[in-house]
file my_file09.tsv (TSV, C-alpha atoms)
chain	number	residue	atom	x	y	z
A	7	MET	CA	-29.71	19.04	-0.31
A	8	ASN	CA	-30.43	19.95	-3.90
A	9	ALA	CA	-27.11	21.55	-4.76
A	10	SER	CA	-24.85	19.09	-6.53
A	11	ALA	CA	-21.43	18.22	-5.20
A	12	LYS	CA	-18.42	16.41	-6.56
A	13	ILE	CA	-16.20	13.66	-5.22
A	14	GLN	CA	-13.07	11.99	-6.48
A	15	LEU	CA	-13.59	8.24	-6.90
A	16	LYS	CA	-10.95	5.51	-7.11
A	17	LEU	CA	-11.87	1.86	-7.60
A	18	TYR	CA	-9.28	-0.87	-7.21
A	19	ALA	CA	-8.68	-4.27	-8.81
A	20	THR	CA	-11.89	-5.95	-10.07
A	21	LEU	CA	-13.95	-2.84	-9.32
A	22	ARG	CA	-11.98	-0.77	-11.83
A	23	LYS	CA	-14.38	-1.85	-14.60
A	24	PHE	CA	-17.15	0.14	-12.88
A	25	LEU	CA	-15.12	3.37	-12.91
A	26	PRO	CA	-16.99	6.16	-14.74
A	27	ASP	CA	-15.11	8.51	-17.09
A	28	ASP	CA	-15.75	11.47	-14.80
A	29	CYS	CA	-14.33	9.66	-11.72
A	30	ASP	CA	-12.10	12.61	-10.80
A	31	GLU	CA	-15.13	14.90	-10.58
A	32	LEU	CA	-18.07	12.63	-10.00
A	33	ASP	CA	-21.35	14.43	-9.37
A	34	ILE	CA	-23.18	13.28	-6.28
A	35	GLU	CA	-26.24	14.40	-4.41
A	36	PRO	CA	-24.93	15.90	-1.14
A	37	GLY	CA	-26.02	13.63	1.67
A	38	SER	CA	-25.63	10.46	-0.40
A	39	SER	CA	-24.18	7.46	1.38
A	40	VAL	CA	-21.31	5.41	-0.02
A	41	SER	CA	-23.88	2.68	-0.62
A	42	ASP	CA	-26.03	5.05	-2.75
A	43	ILE	CA	-23.04	5.91	-4.92
A	44	LEU	CA	-22.00	2.26	-5.35
A	45	LYS	CA	-25.57	1.37	-6.29
A	46	GLN	CA	-25.62	4.08	-8.97
A	47	LEU	CA	-22.46	2.60	-10.45
A	48	GLY	CA	-23.81	-0.95	-10.33
A	49	ILE	CA	-21.26	-2.20	-7.77
A	50	PRO	CA	-22.61	-4.99	-5.52
A	51	ASP	CA	-22.28	-4.09	-1.82
A	52	ASN	CA	-20.54	-7.38	-0.99
A	53	GLU	CA	-17.73	-6.61	-3.45
A	54	ALA	CA	-16.98	-3.28	-1.81
A	55	LYS	CA	-15.11	-4.67	1.16
A	56	LEU	CA	-12.84	-1.84	2.08
A	57	ILE	CA	-13.90	1.78	1.86
A	58	PHE	CA	-11.63	4.78	2.33
A	59	ILE	CA	-12.74	8.37	2.62
A	60	ASP	CA	-10.00	11.00	2.51
A	61	GLY	CA	-7.41	8.35	3.39
A	62	LYS	CA	-9.30	6.94	6.38
A	63	LYS	CA	-11.37	3.79	6.67
A	64	GLY	CA	-15.05	4.52	6.14
A	65	ALA	CA	-18.19	2.40	5.95
A	66	ILE	CA	-20.88	1.56	3.44
A	67	ASP	CA	-23.31	3.91	5.23
A	68	THR	CA	-20.92	6.87	5.58
A	69	ILE	CA	-22.61	10.04	4.31
A	70	LEU	CA	-20.70	12.20	1.82
A	71	LYS	CA	-21.17	15.93	1.50
A	72	GLY	CA	-18.96	16.55	-1.52
A	73	GLY	CA	-15.27	17.26	-1.87
A	74	GLU	CA	-14.20	13.87	-0.53
A	75	ARG	CA	-11.86	11.33	-2.06
A	76	LEU	CA	-13.59	7.94	-2.03
A	77	GLY	CA	-11.60	4.73	-2.57
A	78	VAL	CA	-13.11	1.26	-2.74
A	79	PHE	CA	-11.33	-2.12	-2.62
A	80	PRO	CA	-12.74	-5.59	-3.22
A	81	PRO	CA	-11.34	-8.43	-1.08
A	82	VAL	CA	-7.80	-9.12	-2.33
A	83	GLY	CA	-5.82	-12.17	-1.21
A	84	GLY	CA	-3.37	-13.25	-3.90
A	85	GLY	CA	0.32	-13.85	-3.52
B	25	MET	CA	38.05	-17.81	17.22
B	26	ILE	CA	38.28	-14.02	17.29
B	27	GLN	CA	42.06	-14.20	16.79
B	28	GLU	CA	41.49	-16.25	13.63
B	29	ILE	CA	38.82	-13.81	12.42
B	30	LYS	CA	41.20	-10.89	12.97
B	31	LYS	CA	43.89	-12.72	11.06
B	32	TYR	CA	41.66	-12.85	7.98
B	33	ALA	CA	40.34	-9.26	8.30
B	34	LYS	CA	41.56	-7.01	5.50
B	35	PRO	CA	41.44	-3.21	5.07
B	36	LYS	CA	38.66	-2.29	2.66
B	37	SER	CA	36.94	0.87	1.48
B	38	PHE	CA	33.36	1.86	0.71
B	39	PRO	CA	32.59	3.58	-2.63
B	40	ASP	CA	32.77	6.94	-0.81
B	41	SER	CA	36.38	6.10	0.28
B	42	ASP	CA	35.53	5.50	3.97
B	43	THR	CA	37.61	2.60	5.18
B	44	TYR	CA	36.68	-0.45	7.22
B	45	LYS	CA	37.97	-3.91	8.04
B	46	GLY	CA	36.23	-6.70	6.18
B	47	ILE	CA	36.17	-10.49	6.12
B	48	SER	CA	35.37	-12.33	2.89
B	49	VAL	CA	32.67	-14.92	2.29
B	50	GLU	CA	35.38	-17.48	1.59
B	51	HIS	CA	37.03	-16.90	4.97
B	52	VAL	CA	33.73	-16.98	6.86
B	53	ILE	CA	33.03	-20.39	5.29
B	54	ARG	CA	36.54	-21.61	6.11
B	55	LEU	CA	36.28	-20.53	9.78
B	56	SER	CA	32.76	-21.94	10.07
B	57	GLU	CA	34.12	-25.33	8.98
B	58	GLN	CA	37.21	-25.04	11.17
B	59	PHE	CA	35.26	-24.19	14.35
B	60	GLU	CA	32.22	-26.29	13.37
B	61	VAL	CA	29.76	-23.45	13.96
B	62	PRO	CA	27.22	-21.86	11.58
B	63	GLY	CA	28.63	-19.05	9.45
B	64	LYS	CA	26.41	-16.54	11.22
B	65	GLU	CA	28.30	-17.19	14.48
B	66	ILE	CA	31.56	-16.24	12.76
B	67	GLU	CA	29.86	-13.16	11.29
B	68	ILE	CA	28.42	-12.08	14.66
B	69	ALA	CA	31.83	-12.44	16.33
B	70	ALA	CA	33.42	-10.45	13.48
B	71	LEU	CA	30.85	-7.64	13.70
B	72	GLU	CA	31.33	-7.44	17.47
B	73	ALA	CA	35.03	-6.86	16.76
B	74	GLU	CA	34.09	-4.17	14.20
B	75	ILE	CA	34.94	-6.38	11.26
B	76	VAL	CA	32.33	-6.31	8.48
B	77	PRO	CA	31.44	-9.55	6.70
B	78	GLU	CA	31.96	-8.42	3.11
B	79	ARG	CA	28.62	-9.86	2.01
B	80	TYR	CA	26.85	-7.18	4.09
B	81	ALA	CA	29.20	-4.30	3.21
B	82	ARG	CA	26.59	-2.47	1.13
B	83	ASN	CA	24.12	-2.60	4.04
B	84	MET	CA	26.53	-0.91	6.38
B	85	LYS	CA	25.92	2.70	5.39
B	86	SER	CA	22.27	2.20	6.36
B	87	TYR	CA	22.69	-0.24	9.25
B	88	THR	CA	25.12	-0.09	12.17
B	89	LEU	CA	27.34	-3.04	13.07
B	90	ASP	CA	24.96	-3.70	15.98
B	91	ASP	CA	21.97	-3.65	13.59
B	92	GLN	CA	23.56	-6.36	11.48
B	93	VAL	CA	24.17	-8.42	14.63
B	94	VAL	CA	20.48	-8.01	15.56
B	95	LEU	CA	19.47	-9.28	12.11
B	96	LEU	CA	21.81	-12.26	12.35
B	97	LYS	CA	20.32	-13.13	15.75
B	98	SER	CA	16.73	-12.83	14.47
B	99	THR	CA	14.27	-15.50	13.36
B	100	VAL	CA	11.58	-14.83	10.74
B	101	SER	CA	8.98	-17.27	9.42
B	102	VAL	CA	7.87	-16.96	5.83
B	103	VAL	CA	4.46	-18.57	5.42
B	104	GLY	CA	3.76	-19.33	1.78
B	105	LEU	CA	6.55	-19.64	-0.78
B	106	GLY	CA	4.87	-18.42	-3.96
B	107	GLY	CA	5.24	-14.96	-5.47
B	108	LEU	CA	5.37	-13.02	-2.21
B	109	GLY	CA	7.26	-15.71	-0.29
B	110	GLY	CA	9.93	-16.15	-2.97
B	111	GLY	CA	10.70	-12.44	-2.97
B	112	VAL	CA	10.61	-12.22	0.82
B	113	THR	CA	12.90	-15.24	1.25
B	114	GLU	CA	15.39	-13.78	-1.22
B	115	ILE	CA	15.52	-10.34	0.44
B	116	LEU	CA	15.68	-11.61	4.04
B	117	ALA	CA	18.42	-14.13	3.19
B	118	ARG	CA	20.50	-11.44	1.50
B	119	SER	CA	19.85	-9.07	4.43
B	120	GLY	CA	21.39	-11.63	6.77
B	121	VAL	CA	18.37	-12.53	8.91
B	122	GLY	CA	20.00	-15.36	10.85
B	123	THR	CA	17.22	-17.95	10.92
B	124	LEU	CA	14.49	-18.40	8.33
B	125	LEU	CA	11.55	-20.74	8.86
B	126	LEU	CA	10.10	-21.44	5.42
B	127	MET	CA	6.80	-23.18	4.85
B	128	ASP	CA	4.62	-24.24	1.94
B	129	GLY	CA	3.06	-27.62	1.15
B	130	ASP	CA	2.77	-26.89	-2.55
B	131	SER	CA	4.78	-27.89	-5.63
B	132	PHE	CA	5.58	-25.67	-8.60
B	133	GLU	CA	3.18	-25.59	-11.53
B	134	ASP	CA	3.49	-24.02	-14.97
B	135	HIS	CA	1.33	-21.04	-13.99
B	136	ASN	CA	3.75	-20.11	-11.16
B	137	LEU	CA	6.54	-19.24	-13.61
B	138	ASN	CA	5.21	-15.75	-14.40
B	139	ARG	CA	6.02	-14.40	-10.94
B	140	GLN	CA	7.48	-16.86	-8.46
B	141	PHE	CA	11.23	-16.29	-8.29
B	142	LEU	CA	11.81	-19.67	-6.62
B	143	SER	CA	10.20	-21.48	-9.56
B	144	ARG	CA	12.16	-22.67	-12.57
B	145	GLN	CA	11.24	-24.88	-15.51
B	146	SER	CA	13.56	-27.56	-14.14
B	147	LEU	CA	11.74	-27.48	-10.77
B	148	LEU	CA	8.18	-27.96	-12.06
B	149	LEU	CA	6.22	-30.43	-9.89
B	150	THR	CA	8.87	-30.27	-7.14
B	151	SER	CA	8.49	-28.87	-3.61
B	152	LYS	CA	8.47	-25.11	-3.07
B	153	ALA	CA	9.87	-25.51	0.44
B	154	GLU	CA	12.78	-27.58	-0.87
B	155	ALA	CA	13.47	-24.99	-3.59
B	156	ALA	CA	13.46	-22.22	-0.99
B	157	LEU	CA	15.95	-24.12	1.17
B	158	GLN	CA	18.29	-24.62	-1.79
B	159	ARG	CA	17.96	-20.99	-2.86
B	160	VAL	CA	18.89	-19.69	0.59
B	161	ARG	CA	21.87	-22.04	0.79
B	162	GLU	CA	23.08	-20.71	-2.56
B	163	ILE	CA	22.65	-17.08	-1.54
B	164	ASN	CA	23.78	-17.12	2.08
B	165	SER	CA	25.22	-20.27	3.63
B	166	SER	CA	25.87	-18.40	6.88
B	167	ILE	CA	22.23	-18.40	7.97
B	168	ALA	CA	20.12	-21.23	9.37
B	169	VAL	CA	17.01	-22.51	7.58
B	170	ARG	CA	14.23	-24.80	8.68
B	171	HIS	CA	11.84	-25.74	5.93
B	172	PHE	CA	8.41	-27.31	6.20
B	173	GLY	CA	6.79	-28.91	3.15
B	174	THR	CA	3.32	-28.69	4.65
B	175	PHE	CA	0.46	-26.22	4.46
B	176	LEU	CA	-0.18	-24.14	7.55
B	177	THR	CA	-3.23	-25.17	9.58
B	178	LYS	CA	-4.50	-24.14	12.98
B	179	ASP	CA	-3.22	-27.47	14.32
B	180	ASN	CA	0.33	-27.58	12.90
B	181	GLY	CA	1.02	-23.84	12.60
B	182	ALA	CA	2.16	-23.08	16.15
B	183	ASP	CA	4.96	-25.66	15.95
B	184	MET	CA	6.26	-24.07	12.75
B	185	ILE	CA	6.21	-20.38	13.66
B	186	GLU	CA	6.94	-20.58	17.38
B	187	GLY	CA	10.12	-18.70	18.30
B	188	SER	CA	9.84	-16.28	15.37
B	189	ASP	CA	10.49	-12.60	15.95
B	190	VAL	CA	8.19	-11.83	13.00
B	191	ALA	CA	5.92	-13.94	10.77
B	192	VAL	CA	5.42	-12.86	7.16
B	193	ASP	CA	2.07	-13.65	5.57
B	194	CYS	CA	2.83	-14.62	1.97
B	195	LEU	CA	-0.29	-16.77	1.60
B	196	ASP	CA	-2.68	-16.76	-1.31
B	197	SER	CA	-6.02	-17.40	0.34
B	198	LEU	CA	-8.08	-15.12	2.52
B	199	HIS	CA	-9.10	-17.81	4.99
B	200	THR	CA	-5.57	-19.12	5.68
B	201	ARG	CA	-4.43	-15.57	6.41
B	202	THR	CA	-6.92	-15.41	9.26
B	203	ILE	CA	-5.59	-18.72	10.64
B	204	LEU	CA	-2.03	-17.35	10.59
B	205	GLU	CA	-3.18	-14.16	12.29
B	206	LYS	CA	-4.83	-16.12	15.12
B	207	LEU	CA	-1.63	-18.13	15.61
B	208	THR	CA	0.62	-15.07	15.66
B	209	LYS	CA	-1.66	-13.34	18.16
B	210	SER	CA	-1.70	-16.37	20.46
B	211	LEU	CA	2.10	-16.72	20.25
B	212	ASN	CA	2.63	-12.95	20.63
B	213	ILE	CA	4.47	-12.60	17.30
B	214	PRO	CA	4.15	-9.50	15.05
B	215	MET	CA	2.94	-10.30	11.55
B	216	VAL	CA	3.38	-8.53	8.23
B	217	SER	CA	0.66	-9.26	5.68
B	218	ALA	CA	0.42	-8.50	1.97
B	219	ALA	CA	-2.08	-9.38	-0.72
B	220	VAL	CA	-2.06	-8.86	-4.49
B	221	ALA	CA	-4.57	-8.86	-7.33
B	222	GLY	CA	-3.49	-7.98	-10.86
B	223	GLY	CA	-1.32	-4.86	-10.68
B	224	SER	CA	-2.54	-3.72	-7.27
B	225	GLY	CA	-2.12	-4.82	-3.70
B	226	HIS	CA	-1.72	-3.83	-0.09
B	227	VAL	CA	0.53	-4.37	2.93
B	228	THR	CA	-0.01	-3.95	6.64
B	229	THR	CA	1.80	-4.72	9.89
B	230	ILE	CA	-0.14	-6.33	12.73
B	231	PHE	CA	1.13	-6.51	16.31
B	232	PRO	CA	-0.61	-9.02	18.59
B	233	GLU	CA	-2.65	-6.29	20.30
B	234	ASP	CA	-3.77	-4.65	17.02
B	235	PRO	CA	-7.23	-5.28	15.49
B	236	GLY	CA	-5.51	-6.63	12.37
B	237	LEU	CA	-7.07	-8.33	9.36
B	238	LYS	CA	-10.66	-7.75	10.41
B	239	LEU	CA	-10.11	-4.09	9.53
B	240	ILE	CA	-9.37	-5.22	5.97
B	241	TYR	CA	-11.53	-8.28	5.39
B	242	GLY	CA	-14.31	-7.83	7.98
B	243	GLU	CA	-15.11	-9.84	11.11
B	244	GLN	CA	-15.78	-13.15	9.37
B	245	VAL	CA	-13.98	-14.50	6.32
B	246	ASP	CA	-15.96	-17.19	4.53
B	247	PRO	CA	-13.50	-20.07	3.86
B	248	SER	CA	-14.82	-20.33	0.30
B	249	LEU	CA	-14.45	-16.58	-0.43
B	250	LYS	CA	-12.14	-15.93	-3.34
B	251	GLY	CA	-10.33	-12.61	-3.64
B	252	ALA	CA	-10.10	-10.39	-6.71
B	253	GLU	CA	-6.94	-12.29	-7.74
B	254	ALA	CA	-9.18	-15.17	-8.85
B	255	SER	CA	-10.25	-13.08	-11.82
B	256	LEU	CA	-7.23	-10.76	-12.16
B	257	GLY	CA	-4.31	-13.11	-11.48
B	258	CYS	CA	-1.05	-11.77	-10.05
B	259	LEU	CA	1.46	-9.73	-12.03
B	260	PRO	CA	5.16	-10.21	-11.26
B	261	GLN	CA	5.89	-6.49	-11.03
B	262	ALA	CA	3.15	-6.09	-8.40
B	263	VAL	CA	3.86	-9.21	-6.35
B	264	THR	CA	7.59	-8.46	-6.23
B	265	LEU	CA	7.01	-4.86	-5.17
B	266	LEU	CA	4.66	-6.02	-2.43
B	267	SER	CA	7.22	-8.59	-1.23
B	268	SER	CA	9.78	-5.76	-0.96
B	269	LEU	CA	7.35	-3.69	1.09
B	270	GLU	CA	6.77	-6.66	3.41
B	271	CYS	CA	10.54	-7.03	3.95
B	272	SER	CA	10.88	-3.33	4.62
B	273	GLU	CA	8.34	-3.69	7.44
B	274	VAL	CA	10.00	-6.88	8.77
B	275	LEU	CA	13.44	-5.25	8.89
B	276	LYS	CA	12.07	-2.15	10.63
B	277	ILE	CA	10.36	-4.35	13.24
B	278	LEU	CA	13.58	-6.31	13.86
B	279	LEU	CA	15.72	-3.18	14.06
B	280	LYS	CA	13.12	-1.08	15.94
B	281	LYS	CA	13.66	1.73	13.42
B	282	GLY	CA	11.40	3.84	11.26
B	283	ASN	CA	7.62	4.04	10.98
B	284	LEU	CA	5.55	0.89	10.70
B	285	ALA	CA	2.27	0.45	8.83
B	286	ARG	CA	0.45	-0.60	12.02
B	287	ASN	CA	-3.28	0.09	11.70
B	288	LYS	CA	-2.40	1.44	8.28
B	289	LEU	CA	-2.66	-0.05	4.82
B	290	ILE	CA	-0.04	0.73	2.22
B	291	VAL	CA	-1.99	0.53	-1.02
B	292	VAL	CA	-0.26	0.31	-4.38
B	293	ASP	CA	-1.86	0.46	-7.81
B	294	LEU	CA	0.63	0.16	-10.65
B	295	LEU	CA	-1.94	0.84	-13.36
B	296	ASP	CA	-2.23	4.48	-12.37
B	297	ASN	CA	0.97	4.84	-10.31
B	298	THR	CA	-0.71	5.49	-6.97
B	299	PHE	CA	0.87	4.71	-3.64
B	300	ASP	CA	-1.23	5.58	-0.61
B	301	VAL	CA	-0.86	5.02	3.11
B	302	LEU	CA	-4.41	4.72	4.39
B	303	GLN	CA	-5.53	4.85	8.01
B	304	LEU	CA	-7.34	1.66	9.04
B	305	ALA	CA	-8.01	2.56	12.67
call {"tool": "encode", "arguments": {"input": "my_file09.tsv", "output": "structure tokens"}}
result
Amino acid sequence: MNASAKIQLKLYATLRKFLPDDCDELDIEPGSSVSDILKQLGIPDNEAKLIFIDGKKGAIDTILKGGERLGVFPPVGGG
Amino acid sequence: MIQEIKKYAKPKSFPDSDTYKGISVEHVIRLSEQFEVPGKEIEIAALEAEIVPERYARNMKSYTLDDQVVLLKSTVSVVGLGGLGGGVTEILARSGVGTLLLMDGDSFEDHNLNRQFLSRQSLLLTSKAEAALQRVREINSSIAVRHFGTFLTKDNGADMIEGSDVAVDCLDSLHTRTILEKLTKSLNIPMVSAAVAGGSGHVTTIFPEDPGLKLIYGEQVDPSLKGAEASLGCLPQAVTLLSSLECSEVLKILLKKGNLARNKLIVVDLLDNTFDVLQLA
């Protein structure tokens, strides 16, 4: 659990402002949940409506081990 | 009628030199007046006799004659006539979808001009539904249009979209999208849904038996919830691209061709040029 791991993070629309500079190689603690990572970045849970892990829908409590691509969308409804 | 159509048919050639018989827009209009039928009826009869209405000639290397007939016999409702709806109306009318049901209770405002192709300075404060009707008549007088200058609600919606082969969600609020989805499911109509914020957005196709919007927005959508577009606005290059993607899905549904984004979300972000097809279920 102590070894560090990296994920690739992509934040869409209003969440883009939370994107860290090292988003392509973001260090995480293996075993962190999506929620843990969002908390570290200061993103409120209720703004992270749609979570994708490696191109598939994930959840706020999905556990990451490193190497994943994480994408997060806020609710979007414009037209 | 077919004898008259054949009389007007002229030998034509595609840019690659393949030849075909074509009938001009002018002659379709003339025959439609002569026989007192909608232009699309003349066009369907022509296509069935392997005569291409010239207005669709550049579709015909991608579609068969039968495909074009299917489109002319199809009905699509466009719900919301803003940025998405204006683009969708334009593309479906030019594609020759035979009946368009167009609905929006809104009027144009100054802040629509950045992206809504139906809006014009001279149409400010006038009805979007009326503008859509006029636009379609100018583009393609062969097709039928019914327009509704009212907002979709759970009470009036079924009357407007009933009989559609596909409904296109071009709305701008999260809550109304869920109302449209309920209606399409109860009427057994496939729905294509897009949403935009700033330079990003997403599109999905929902058949009545699919889980649908809850995979995107969750089980319950608070009627007061505002999407990210409230703070990011909508950029014309994004909203127009998303309206094209919606039409691509609609045309594939009508023609039963290609892969649909069912249980998938096509996600576009123009700021960093990403285009992903994500698995929702």
call {"tool": "residues_around", "arguments": {"input": "my_file09.tsv", "residues": "stretch 54-61 of chain A", "least_positions_apart": "6", "cutoff": "7 Å", "atoms": "all atoms listed in the file", "output": "list in words"}}
result
Glu74, Arg75, Leu76, Gly77, Val78, Phe79, Pro80 and Pro81 of chain A; Ile240, Tyr241, Leu302 and Gln303 of chain B
call {"tool": "write_last_selection", "arguments": {"input": "my_file09.tsv", "atoms": "C-alpha atoms", "output": "CSV table (one decimal), keeping the file's coordinate frame"}}
result
chain,number,residue,atom,x,y,z
A,74,GLU,CA,-14.2,13.9,-0.5
A,75,ARG,CA,-11.9,11.3,-2.1
A,76,LEU,CA,-13.6,7.9,-2.0
A,77,GLY,CA,-11.6,4.7,-2.6
A,78,VAL,CA,-13.1,1.3,-2.7
A,79,PHE,CA,-11.3,-2.1,-2.6
A,80,PRO,CA,-12.7,-5.6,-3.2
A,81,PRO,CA,-11.3,-8.4,-1.1
B,240,ILE,CA,-9.4,-5.2,6.0
B,241,TYR,CA,-11.5,-8.3,5.4
B,302,LEU,CA,-4.4,4.7,4.4
B,303,GLN,CA,-5.5,4.8,8.0
call {"tool": "closest_atom_pairs", "arguments": {"input": "my_file09.tsv", "of": "chain A", "to": "chain B", "cutoff": "6 Å", "atoms": "all atoms listed in the file", "output": "tab-separated table"}}
result
residue	atom	partner	partner_atom	distance
A:Thr20	CA	B:Ala252	CA	5.8
A:Gly61	CA	B:Leu302	CA	4.8
A:Lys62	CA	B:Gln303	CA	4.6
A:Lys63	CA	B:Leu304	CA	5.1
A:Pro81	CA	B:Gly251	CA	5.0
A:Val82	CA	B:Gly251	CA	4.5
A:Gly83	CA	B:Ala219	CA	4.7
A:Gly84	CA	B:Asp196	CA	4.4
A:Gly85	CA	B:Asp196	CA	4.7
call {"tool": "write_last_selection", "arguments": {"input": "my_file09.tsv", "atoms": "C-alpha atoms", "output": "PDB file, in the coordinates of the input"}}
result
ATOM      1  CA  THR A  20     -11.890  -5.950 -10.070  1.00  0.00           C
ATOM      2  CA  GLY A  61      -7.410   8.350   3.390  1.00  0.00           C
ATOM      3  CA  LYS A  62      -9.300   6.940   6.380  1.00  0.00           C
ATOM      4  CA  LYS A  63     -11.370   3.790   6.670  1.00  0.00           C
ATOM      5  CA  PRO A  81     -11.340  -8.430  -1.080  1.00  0.00           C
ATOM      6  CA  VAL A  82      -7.800  -9.120  -2.330  1.00  0.00           C
ATOM      7  CA  GLY A  83      -5.820 -12.170  -1.210  1.00  0.00           C
ATOM      8  CA  GLY A  84      -3.370 -13.250  -3.900  1.00  0.00           C
ATOM      9  CA  GLY A  85       0.320 -13.850  -3.520  1.00  0.00           C
TER      10      GLY A  85
END
call {"tool": "residues_around", "arguments": {"input": "my_file09.tsv", "residues": "stretch 33-48 of chain A", "least_positions_apart": "6", "cutoff": "9 Å", "atoms": "all atoms listed in the file", "output": "tab-separated table (two decimals) with C-alpha atoms, in the frame of the given file"}}
result
chain	number	residue	atom	x	y	z
A	7	MET	CA	-29.71	19.04	-0.31
A	8	ASN	CA	-30.43	19.95	-3.90
A	9	ALA	CA	-27.11	21.55	-4.76
A	10	SER	CA	-24.85	19.09	-6.53
A	11	ALA	CA	-21.43	18.22	-5.20
A	12	LYS	CA	-18.42	16.41	-6.56
A	13	ILE	CA	-16.20	13.66	-5.22
A	24	PHE	CA	-17.15	0.14	-12.88
A	25	LEU	CA	-15.12	3.37	-12.91
A	26	PRO	CA	-16.99	6.16	-14.74
A	54	ALA	CA	-16.98	-3.28	-1.81
A	57	ILE	CA	-13.90	1.78	1.86
A	64	GLY	CA	-15.05	4.52	6.14
A	65	ALA	CA	-18.19	2.40	5.95
A	66	ILE	CA	-20.88	1.56	3.44
A	67	ASP	CA	-23.31	3.91	5.23
A	68	THR	CA	-20.92	6.87	5.58
A	69	ILE	CA	-22.61	10.04	4.31
A	70	LEU	CA	-20.70	12.20	1.82
A	71	LYS	CA	-21.17	15.93	1.50
A	72	GLY	CA	-18.96	16.55	-1.52
A	76	LEU	CA	-13.59	7.94	-2.03
call {"tool": "atom_distance", "arguments": {"input": "my_file09.tsv", "atom1": "atom CA of B:Gly120", "atom2": "atom CA of B:Thr228"}}
result
22.7 Å
call {"tool": "atom_distance", "arguments": {"input": "my_file09.tsv", "atom1": "atom CA of B:Glu67", "atom2": "atom CA of B:Ser188"}}
result
20.7 Å
call {"tool": "atom_distance", "arguments": {"input": "my_file09.tsv", "atom1": "atom CA of B:Leu142", "atom2": "atom CA of B:Glu50"}}
result
25.1 Å
call {"tool": "residues_around", "arguments": {"input": "my_file09.tsv", "residues": "stretch 232-238 of chain B", "least_positions_apart": "5", "cutoff": "6 Å", "atoms": "all atoms listed in the file", "output": "PyMOL selection string"}}
result
chain B and resi 209+212+214+243
call {"tool": "residues_around", "arguments": {"input": "my_file09.tsv", "residues": "B:Val61", "least_positions_apart": "4", "cutoff": "12 Å", "atoms": "all atoms listed in the file", "output": "NGL selection string"}}
result
:B and (25 or 52-57 or 65-69 or 165-168)
call {"tool": "write_last_selection", "arguments": {"input": "my_file09.tsv", "atoms": "C-alpha atoms", "output": "compact mmCIF listing (two decimals), in the coordinates of the input"}}
result
# COMPACT_ATOMS: atom_id res chain seq x y z
CA MET B 25 38.05 -17.81 17.22
CA VAL B 52 33.73 -16.98 6.86
CA ILE B 53 33.03 -20.39 5.29
CA ARG B 54 36.54 -21.61 6.11
CA LEU B 55 36.28 -20.53 9.78
CA SER B 56 32.76 -21.94 10.07
CA GLU B 57 34.12 -25.33 8.98
CA GLU B 65 28.30 -17.19 14.48
CA ILE B 66 31.56 -16.24 12.76
CA GLU B 67 29.86 -13.16 11.29
CA ILE B 68 28.42 -12.08 14.66
CA ALA B 69 31.83 -12.44 16.33
CA SER B 165 25.22 -20.27 3.63
CA SER B 166 25.87 -18.40 6.88
CA ILE B 167 22.23 -18.40 7.97
CA ALA B 168 20.12 -21.23 9.37
call {"tool": "residues_around", "arguments": {"input": "my_file09.tsv", "residues": "B:Lys152", "least_positions_apart": "5", "cutoff": "12 Å", "atoms": "only C-alpha atoms", "output": "MDAnalysis selection string"}}
result
chainID B and resid 103:107 109:110 113 126:133 136 140:144 147 157:159 171:175
call {"tool": "closest_residue", "arguments": {"input": "my_file09.tsv", "among": "B:Pro77, B:Gln145, B:Val100, B:Ile26", "to": "B:Ser48", "atoms": "all atoms listed in the file"}}
result
B:Pro77
call {"tool": "decode", "arguments": {"input": "my_file09.tsv", "residues": "stretch 63-71 of chain A", "atoms": "N, CA and C atoms", "output": "tab-separated table (two decimals), in the first residue's frame"}}
result
chain	number	residue	atom	x	y	z
A	63	LYS	N	-17.86	3.52	-17.20
A	63	LYS	CA	-18.46	4.25	-16.08
A	63	LYS	C	-18.01	3.64	-14.75
A	64	GLY	N	-17.53	4.49	-13.88
A	64	GLY	CA	-17.13	4.06	-12.54
A	64	GLY	C	-17.99	4.75	-11.50
A	65	ALA	N	-17.58	4.68	-10.25
A	65	ALA	CA	-18.35	5.30	-9.17
A	65	ALA	C	-17.40	6.03	-8.25
A	66	ILE	N	-18.00	6.84	-7.38
A	66	ILE	CA	-17.23	7.68	-6.47
A	66	ILE	C	-16.39	6.82	-5.51
A	67	ASP	N	-16.85	5.59	-5.25
A	67	ASP	CA	-16.12	4.74	-4.30
A	67	ASP	C	-15.26	3.68	-4.99
A	68	THR	N	-15.11	3.78	-6.33
A	68	THR	CA	-14.24	2.83	-7.03
A	68	THR	C	-12.79	3.01	-6.54
A	69	ILE	N	-12.14	1.90	-6.28
A	69	ILE	CA	-10.76	1.92	-5.79
A	69	ILE	C	-9.78	1.86	-6.98
A	70	LEU	N	-8.78	2.72	-6.94
A	70	LEU	CA	-7.78	2.75	-8.02
A	70	LEU	C	-6.48	2.14	-7.54
A	71	LYS	N	-5.83	1.41	-8.45
A	71	LYS	CA	-4.56	0.79	-8.03
A	71	LYS	C	-3.36	1.46	-8.70
